[in-house]
Amino acid sequence: MDFLHNPEFGDKLVTLMAAFVLVFQIAMVGQRSLIMNIRLFGAQSFLLAAIAAVIAHYNHAPHIYVAAVMTVLVKVILVPVLLERLVDRIEIRHEIEPIVNVPLSIVISGGLTLVAYIVGESFYHPETGAASLGHNTLAVAISVFLIGFFMMINRRKALTQVFALLTLENGIFLAAICLTYGMPLVVDLGVFFDVLVAVLVLGILVYRIRETFESMDVSKLRRLRG
Amino acid sequence: MRWELTRFSPGGLNAPRRARILAFGLALAGALLEIAAAAVGVLAPAGAVFSLPFGVELFSWTVRLNPLSCYFNLALGILAAAVSIYSFGYLRDMEGRRNLGVLGFFYNVLLLSLTLVFTAANVFFFLVAWEVMALSAYFLVSFEHEKEATRRAGTVFLIMSHAGTGLLLVGFLILAQAAGTLDFAAFHHLASKLPPSQQGLVFILFFLGFGVKAGVIPLHVWLPAAHPVAPSNISSLMSGIVIKTGIYGMALVFFDFFDAPPVWAGMVVLCAGVVSALLGVLYALMEHDLKRLLAYHSIENIGIILIGFGAALVFRGMGHPELAALALIAALYHTLNHAIFKGLLFLGAGSVLHSTRTRNMEEMGGLIRRMPVTALCFLVGAVAISGLPPLNGFVSEWLTYQALLAGFGSTAELTRVAFPIAGALLALTAALAAACFVKAFGISFLALPRSEHAAQAQEAPVSMRIGMGILAAGCLALGLGATWFLPVFDTITAQTIGVKMGASLTAANGLVLTSGTFRGGAVSTVGMAAMLVLLSAIPGMFWLAWGRRSRRASGPTWDCGLPGLTADNEYTATGFSKPIRMIFSALYRPRREIQADYEVSLYYPTAIRFESEIEPAFEKHFYDPLQAWLFRFAGRMRSVQAGSIHAYLAYIFVALIALLLFGVRG
C-alpha cells in the first residue's frame with residue numbers, strides 16, 4: 001500500500017482523471033441529447049470531486065475534502081436534478097441544435113485544447129522546482145474553460161447555455177484547485193453558492209424566456225433591440 | 001405632510017419663497033466666508049492641506065490651499081456674493097411658476113464644486129469636482145427646459161464638456177503613471193521630466209481639455225449657445241467663473257506640473273489666444289441678442305487671458321522669469337477683472353431681460369430713462385470691458401501690452417516677431433470691443449424705445465441693484481486701486497515662477513503703475529481719473545465765467561426737416577455693425593435677402609423685408625462634418641451591436657483568446 005503515500009502516484013492519478021474531465025467535455029460538445037449532456041456534466045463534476053479528494057489526500061490538506069464533498073452535493077446531485085426537472089417541466093425532449101455542426105465543433109475544440117496547452121506551457125518552469133502538478137492539469141483546466149465558452153456561443157437554447165456555463169465553471173474550479181492546492185474554504189463556499197444561484201436564476205430566466213417568446217431560442221432576443 | 005411644512009414654516013413664508021431665501025441667503029454667507037478665507041490664503045499663504053476622513057489610499061478627498069487656488073476662490077467668492085444678492089430680486093417673480101428649490105440646490109452645488117475644483121489636491125478629487133461642476137452647470141443651463149433651444153444648448157454643453165474631460169483624464173493618467181501616485185504634490189514640475197514627445201502630448205491634451213471649458217476657439221461652440229439660455233444670474237456665474245476653471249486648470253498644468261514648457265507650447269497658447277480674442281469680438285459685433293453678444297465677449301476675454309499665459313510660457317521657456325511673472329500677473333489680473341465686469345454685464349442684461357422680457361437689442365432702446373441704475377452699472381461694465389481707463393479692464397490689458405512689448409526686446413530670435421503682431425491684434429481687439437459696446441449700450445439704453453415692452457420697462461428691484469452695484473464698485477476699485485492690489489500677486493508668482501514682481505510694478509509714490517521692465521511704460525489710473533474730473537470741471541468754469549449772461553434756448557432734436565422723429569428713424573444694431581460686416585466679409589460671408597412689395601412703382605414700396613445672417617464658419621466647416629462623420633461611423637458600428645447573445649459571447653471569447661496568447665508572448 002505504498003502508493004497511497006507516494007505523491008508522484010497522486011500526480012499521475014490527478015493527470016489521468018483530468019484527462020477524463022477533458023474527454024467528457026469534448027463528449028458534451030459531440031452529444032446532442034439534452035439529458036445525456038446533463039449526465040455527462042454530472043460525471044465530469046464527479047471526477048472533479050475525485051481530483052479534489054486525491055489532492056487533499058496527498059497534500060494533507062483536509063479542507064479540500066470539504067470542497068470535494070460540496071462538489072458532489074451541489075454539482076453531481078443537486079444541479080443535475082434541478083436541470084432535469086426543469087427539462088421535464090418545460091417538456092423538451094428534442095435534440096440540441098448547435099450553430100456549428102458537430103464534426104466541426106469537435107475540430108474547433110481540438111484547436112482550443114491546443115491554445116490551452118500553449119498558454120499552460122508558459123506557466124511551467126521545471127527548473128525552478130515548482131510543483132509540476134499544474135503542468136498538464138492547468139492546460140486541461142484552460143481547455144475545459146475555453147471549450148465551455150465555445151459551447152455557450154455554439155448553442156441556441158438558453159438551457160443548453162446554462163450548463164455550458166456550468167462546465168466553464170468546472171474548468172475554473174479545476175484550475176484553482178490544481179494551482180493553489182485548494183483555496184480557502186470561504187472562497188470555495190462562495191463559488192458553490194454562486195453556481196447554485198446562477199442555476200436557479202437562469203432556470204427562472206429560461207422559463208420566462210420560453211413563456212414570452214414561445215421558444216427558448218435566445219436568437220429571438222434580437223427582437224428586443226431598439 | 002405638505003400642509004404641516006407650510007404651517008410651521010418660519011415667518012409664514014411659503015415653500016418657494018423659503019427656498020429662494022434659504023438657498024441664496026446661505027450661498028451669500030458661504031461666499032462671504034470664502035472671500036475671507038481666500039484673502040487670507042493669498043496674502044499669508046500657509047500651504048494648508050486638509051483631508052476628509054473617509055478616503056482610501058489612492059482616492060483621498062484632499063484639498064490644499066495655495067496662493068493660486070485661493071486667488072481663484074477669491075474671484076469666485078466676490079462674484080458669488082454679488083450674484084446671490086442679485087438672485088433674491090431676480091427670481092422673485094418666478095415664484096410659483098418655477099421650481100426655485102431645484103435652482104437653488106444646483107446653484108449651491110455649483111458653487112461648492114467650483115470651490116473644490118480650485119482646491120482639489122489630487123487627480124481623483126479634482127475630476128470628481130470637475131464632473132459635479134459640469135453636471136450642476138448643465139442642470140442650471142437647462143433650467144428653462146421647455147424651450148427647444150435650451151435643451152439643445154444643454155446637450156451640446158454636456159457633450160463637449162465630457163469630451164474635454166476625456167482628454168484631461170488621459171493627460172492625468174500619463175502624469176500619474178510617471179509619478180506613481182495621483183497626488184498633485186507629486187506632479188510638481190514632473191511633466192518637464194518626461195521625454196519631449198510625451199511632454200508635447202501632455203501639453204496638447206491638457207490645453208484642449210481645459211480649452212473646451214474655457215471656450216477657446218475653435219472649441220467654443222457650446223459657449224454662445226449655453227450662456228444666453230440660462231437664467232441671467234446663472235449666465236453671470238457661468239461666464240464669470242465657470243469658464244475660468246479652464247484657466248485655473250491651464251495655470252495649474254503650465255506653471256505647476258510643467259517647470260518650463262517647450263517654447264512652441266507657449267507659442268501655441270499665444271496664437272490660440274490671439275485668434276480667440278479677435279474672432280470672439282468679431283462674432284460679438286454681429287450679435288443682436290444681448291446675452292449672446294456678451295457670451296462672445298467671454299471668448300474674446302479668454303483669448304486676452306491666454307495671450308498673457310502664452311507670453312508667460314514663452315518667456316519661461318527662454319529664461320526670463322521676471323517677464324514671465326509680468327505676463328502671468330497680467331493674465332491672472334484679467335481673469336479676476338473679467339469675472340467681475342462680465343458678471344456685472346450679465347447681471348445688467350438680466351435686469352433688462354427681467355424688465356423687457358426680450359434679449360433682442362432691436363426691441364430695446366431708451367432704457368436709460370426708465371432704468372437709470374441698471375444703465376449706469378452696465379455702462380461701467382462696458383467701459384471696463386472695452387479696456388478704457390481708469391477701470392480695471394484697462395489695467396490688465398495695459399499690463400498685457402507691456403509684457404508683449406517687452407517681449408520684442410527679450411530675444412534676438414525670430415520668435416520675437418510674434419510679440420508685436422500679437423500686441424497689434426490685441427489692440428485691434430480692444431478697439432473692436434469698444435465699438436461693440438458702443439453698439440450694445442447705445443442701441444439698448446439710448447434713444448427712443450423700439451417696442452412696447454421697452455417703453456414700459458421698470459427699474460430693477462433693490463437687491464438686483466445692490467448686486468450690480470457691488471460689482472461696479474469692484475470694477476472701479478480694481479482700476480483705481482491697482483497699485484495697492486498688485487502686491488497680492490507676489491505670493492502667486494513666487495509659487496509658480498519663483499520671483500516677486502509686486503514692488504517693481506509700483507513707482508515710488510504708490511500711485512503710478514510701471515511695467516518694471518527696461519524702457520517700459522508707466523501709467524496712473526488714479527491720475528487719469530483725477531484728470532477726468534478736472535477736465536470735466538473746465539466746461540463748468542466756462543459756464544460760470546460767461547454762460548450765466550447768455551440766453552438759453554431749447555429746440556427739437558435735429559430732424560433733417562422731417563418733424564416728428566419716431567423709433568423707426570433710429571440707428572439699428574444691424575445698421576451700426578454694417579461697416580464692420582463689410583470690412584470682414586471674407587470672414588463672415590454674410591448672406592442677405594431683401595424683398596420689397598410694391599404696387600405702382602419700384603420706387604414706392606409698400607413693405608420691405610430685410611434678412612441678413614452671417615455664416616457660422618466653425619459650425620459649418622468643422623462641427624457639421626464632424627457630426628456627420630460621427631453619425632456615419634456610429635451607423636456602421638451599429639451592426640456590431642447585433643442584439644445577439646451569441647455574437648456578444650463570441651466577442652468576449654475572441655478577446656479572451658487574443659489576450660491569453662498576447663499574455664503568453666509578453
# chains A, B, ... in the order shown; residues from 1 in each chain; ligands from 1
$ select_by_dssp --residues "chain A" --states "alpha helix (DSSP H)" --output "PyMOL selection string"
chain A and resi 7-30+34-58+63-71+79-89+102-121+133-154+158-180+185-213
$ write_last_selection --atoms "C-alpha atoms" --output "short mmCIF file (atom, residue, chain, number, x, y, z; two decimals), in the first residue's frame"
data_model
loop_
_atom_site.label_atom_id
_atom_site.label_comp_id
_atom_site.auth_asym_id
_atom_site.auth_seq_id
_atom_site.Cartn_x
_atom_site.Cartn_y
_atom_site.Cartn_z
CA PRO A 7 2.96 11.93 -4.12
CA GLU A 8 4.14 11.00 -7.60
CA PHE A 9 1.45 8.42 -7.86
CA GLY A 10 -1.05 11.07 -6.77
CA ASP A 11 0.17 13.36 -9.54
CA LYS A 12 -0.28 10.65 -12.14
CA LEU A 13 -3.73 9.86 -10.81
CA VAL A 14 -4.75 13.51 -10.97
CA THR A 15 -3.41 13.85 -14.52
CA LEU A 16 -5.32 10.75 -15.60
CA MET A 17 -8.55 11.99 -14.12
CA ALA A 18 -8.01 15.44 -15.56
CA ALA A 19 -7.65 13.80 -18.97
CA PHE A 20 -11.04 12.17 -18.47
CA VAL A 21 -12.53 15.54 -17.50
CA LEU A 22 -11.38 16.82 -20.88
CA VAL A 23 -12.78 13.74 -22.63
CA PHE A 24 -16.15 14.30 -21.01
CA GLN A 25 -16.06 17.93 -22.03
CA ILE A 26 -15.46 17.06 -25.68
CA ALA A 27 -18.10 14.36 -25.43
CA MET A 28 -20.54 17.04 -24.35
CA VAL A 29 -19.69 19.05 -27.44
CA GLY A 30 -20.44 15.99 -29.56
CA LEU A 34 -30.03 17.15 -23.64
CA ILE A 35 -30.47 14.57 -20.87
CA MET A 36 -27.22 12.86 -21.86
CA ASN A 37 -25.48 16.19 -21.66
CA ILE A 38 -26.68 16.73 -18.12
CA ARG A 39 -25.47 13.31 -17.09
CA LEU A 40 -22.09 13.85 -18.69
CA PHE A 41 -21.87 17.05 -16.70
CA GLY A 42 -22.64 15.12 -13.52
CA ALA A 43 -19.92 12.58 -14.34
CA GLN A 44 -17.42 15.34 -15.08
CA SER A 45 -18.21 17.01 -11.78
CA PHE A 46 -17.76 13.70 -10.00
CA LEU A 47 -14.30 13.31 -11.49
CA LEU A 48 -13.56 16.84 -10.34
CA ALA A 49 -14.58 15.93 -6.81
CA ALA A 50 -12.32 12.88 -7.04
CA ILE A 51 -9.40 15.04 -8.15
CA ALA A 52 -10.04 17.33 -5.20
CA ALA A 53 -10.09 14.36 -2.84
CA VAL A 54 -6.85 12.93 -4.24
CA ILE A 55 -5.10 16.27 -3.89
CA ALA A 56 -6.45 16.59 -0.37
CA HIS A 57 -5.08 13.16 0.48
CA TYR A 58 -1.61 13.52 -0.99
CA HIS A 63 -10.13 21.39 3.99
CA ILE A 64 -10.12 20.35 0.33
CA TYR A 65 -12.18 17.32 1.37
CA VAL A 66 -14.91 19.76 2.20
CA ALA A 67 -14.66 21.22 -1.29
CA ALA A 68 -14.86 17.69 -2.70
CA VAL A 69 -17.94 16.84 -0.69
CA MET A 70 -19.55 20.13 -1.65
CA THR A 71 -18.83 19.41 -5.31
CA VAL A 79 -27.69 20.81 -10.14
CA PRO A 80 -28.32 17.84 -12.47
CA VAL A 81 -31.52 17.04 -10.60
CA LEU A 82 -32.65 20.66 -10.83
CA LEU A 83 -31.85 20.79 -14.51
CA GLU A 84 -33.56 17.51 -15.30
CA ARG A 85 -36.67 18.68 -13.51
CA LEU A 86 -36.55 21.89 -15.50
CA VAL A 87 -36.27 19.89 -18.72
CA ASP A 88 -39.25 17.81 -17.61
CA ARG A 89 -41.29 20.83 -16.74
CA VAL A 102 -20.87 18.56 -34.56
CA PRO A 103 -17.78 17.40 -36.52
CA LEU A 104 -16.58 20.96 -36.99
CA SER A 105 -17.30 21.73 -33.33
CA ILE A 106 -15.04 18.89 -32.26
CA VAL A 107 -12.28 20.10 -34.54
CA ILE A 108 -12.61 23.56 -33.02
CA SER A 109 -12.50 22.04 -29.55
CA GLY A 110 -9.25 20.36 -30.52
CA GLY A 111 -7.88 23.69 -31.64
CA LEU A 112 -8.90 25.29 -28.35
CA THR A 113 -7.13 22.49 -26.47
CA LEU A 114 -4.02 23.33 -28.43
CA VAL A 115 -4.34 27.01 -27.47
CA ALA A 116 -4.81 25.96 -23.86
CA TYR A 117 -1.61 23.90 -23.95
CA ILE A 118 0.32 26.82 -25.42
CA VAL A 119 -0.95 29.04 -22.64
CA GLY A 120 -0.41 26.40 -19.96
CA GLU A 121 3.14 25.79 -21.15
CA LEU A 133 1.13 19.14 -10.87
CA GLY A 134 -0.05 22.33 -12.51
CA HIS A 135 1.53 21.47 -15.80
CA ASN A 136 -0.88 19.10 -17.52
CA THR A 137 -3.80 19.82 -15.27
CA LEU A 138 -3.69 23.56 -15.82
CA ALA A 139 -3.72 23.06 -19.57
CA VAL A 140 -6.71 20.74 -19.19
CA ALA A 141 -8.46 23.28 -16.99
CA ILE A 142 -7.95 26.04 -19.54
CA SER A 143 -9.19 23.76 -22.34
CA VAL A 144 -12.30 22.89 -20.34
CA PHE A 145 -12.85 26.57 -19.74
CA LEU A 146 -12.39 27.55 -23.40
CA ILE A 147 -14.48 24.67 -24.73
CA GLY A 148 -17.20 25.55 -22.22
CA PHE A 149 -17.13 29.08 -23.50
CA PHE A 150 -17.29 27.84 -27.07
CA MET A 151 -20.30 25.69 -26.19
CA MET A 152 -22.06 28.76 -24.84
CA ILE A 153 -21.57 30.51 -28.15
CA ASN A 154 -22.43 27.47 -30.19
CA ALA A 158 -30.92 29.20 -23.17
CA LEU A 159 -30.98 25.97 -21.19
CA THR A 160 -28.09 24.43 -23.07
CA GLN A 161 -26.17 27.61 -22.49
CA VAL A 162 -26.74 27.22 -18.78
CA PHE A 163 -24.76 24.08 -18.48
CA ALA A 164 -22.17 25.25 -20.94
CA LEU A 165 -21.65 27.90 -18.30
CA LEU A 166 -21.51 25.19 -15.63
CA THR A 167 -18.79 23.26 -17.44
CA LEU A 168 -16.92 26.52 -17.87
CA GLU A 169 -17.12 26.92 -14.13
CA ASN A 170 -15.76 23.37 -13.73
CA GLY A 171 -12.73 24.46 -15.71
CA ILE A 172 -12.17 27.35 -13.34
CA PHE A 173 -12.55 25.06 -10.34
CA LEU A 174 -10.01 22.65 -11.75
CA ALA A 175 -7.52 25.42 -12.43
CA ALA A 176 -7.97 26.83 -8.97
CA ILE A 177 -7.56 23.53 -7.20
CA CYS A 178 -4.53 22.34 -9.12
CA LEU A 179 -2.68 25.65 -8.90
CA THR A 180 -3.32 26.52 -5.30
CA LEU A 185 -12.79 27.32 2.31
CA VAL A 186 -14.67 30.60 2.27
CA VAL A 187 -13.84 31.08 -1.40
CA ASP A 188 -14.96 27.57 -2.25
CA LEU A 189 -18.23 28.00 -0.43
CA GLY A 190 -18.76 31.30 -2.19
CA VAL A 191 -18.18 29.69 -5.56
CA PHE A 192 -20.63 26.90 -4.85
CA PHE A 193 -23.26 29.27 -3.67
CA ASP A 194 -22.64 31.30 -6.80
CA VAL A 195 -23.17 28.28 -9.04
CA LEU A 196 -26.36 27.35 -7.25
CA VAL A 197 -27.79 30.83 -7.51
CA ALA A 198 -26.75 31.02 -11.17
CA VAL A 199 -28.59 27.80 -11.94
CA LEU A 200 -31.71 28.95 -10.11
CA VAL A 201 -31.73 32.38 -11.71
CA LEU A 202 -31.01 31.03 -15.15
CA GLY A 203 -33.65 28.36 -14.65
CA ILE A 204 -36.23 31.02 -13.93
CA LEU A 205 -34.94 33.11 -16.78
CA VAL A 206 -35.20 30.18 -19.20
CA TYR A 207 -38.75 29.63 -18.09
CA ARG A 208 -39.64 33.29 -18.60
CA ILE A 209 -37.94 33.47 -21.97
CA ARG A 210 -39.97 30.47 -23.11
CA GLU A 211 -43.20 31.97 -21.87
CA THR A 212 -42.55 35.30 -23.53
CA PHE A 213 -41.15 34.14 -26.84
#
$ interface_residues --of "chain B" --to "chain A" --cutoff "12 Å" --atoms "only C-alpha atoms" --output "list in words"
Arg638, Ser639, Gln641, Ala642, Gly643, Ser644, Ile645, His646, Ala647, Tyr648, Leu649, Ala650, Tyr651, Ile652, Phe653, Val654, Leu656, Ile657, Ala658, Leu659, Leu660, Leu661, Phe662, Gly663, Val664, Arg665 and Gly666 of chain B
$ write_last_selection --atoms "C-alpha atoms" --output "compact mmCIF listing (two decimals), in the first residue's frame"
# COMPACT_ATOMS: atom_id res chain seq x y z
CA ARG B 638 -24.29 49.61 -35.03
CA SER B 639 -24.02 46.31 -36.83
CA GLN B 641 -24.33 45.75 -31.65
CA ALA B 642 -26.34 42.93 -33.17
CA GLY B 643 -28.56 42.17 -30.21
CA SER B 644 -27.50 38.54 -30.39
CA ILE B 645 -26.17 36.90 -27.25
CA HIS B 646 -24.05 34.58 -29.34
CA ALA B 647 -22.33 37.48 -31.05
CA TYR B 648 -21.61 39.18 -27.73
CA LEU B 649 -20.25 35.97 -26.28
CA ALA B 650 -18.12 35.48 -29.37
CA TYR B 651 -16.64 38.99 -28.92
CA ILE B 652 -15.68 38.18 -25.37
CA PHE B 653 -14.31 34.82 -26.42
CA VAL B 654 -12.14 36.17 -29.20
CA LEU B 656 -10.10 36.42 -24.24
CA ILE B 657 -8.11 34.15 -26.53
CA ALA B 658 -6.26 37.09 -28.03
CA LEU B 659 -5.37 38.33 -24.54
CA LEU B 660 -4.26 34.88 -23.44
CA LEU B 661 -1.97 34.48 -26.42
CA PHE B 662 -0.73 38.05 -26.02
CA GLY B 663 0.00 37.34 -22.35
CA VAL B 664 1.95 34.22 -23.24
CA ARG B 665 4.05 36.11 -25.75
CA GLY B 666 4.70 39.02 -23.48
$ residues_around --residues "Pro231 (chain B)" --least-positions-apart "3" --cutoff "9 Å" --atoms "only C-alpha atoms" --output "PyMOL selection string"
chain B and resi 140-141+143-144+227-228+234-236+350
$ write_last_selection --atoms "C-alpha atoms" --output "PDB file, in the first residue's frame"
ATOM      1  CA  LEU B 140     -28.718  75.129 -14.396  1.00  0.00           C
ATOM      2  CA  VAL B 141     -28.342  75.847 -18.107  1.00  0.00           C
ATOM      3  CA  PHE B 143     -33.442  75.177 -16.203  1.00  0.00           C
ATOM      4  CA  GLU B 144     -35.896  76.513 -18.776  1.00  0.00           C
ATOM      5  CA  HIS B 227     -24.704  81.132 -21.674  1.00  0.00           C
ATOM      6  CA  PRO B 228     -27.666  83.056 -23.089  1.00  0.00           C
ATOM      7  CA  ILE B 234     -26.505  81.693 -13.814  1.00  0.00           C
ATOM      8  CA  SER B 235     -25.123  83.157 -17.055  1.00  0.00           C
ATOM      9  CA  SER B 236     -23.243  85.600 -14.916  1.00  0.00           C
ATOM     10  CA  GLY B 350     -30.543  90.119 -16.774  1.00  0.00           C
TER      11      GLY B 350
END
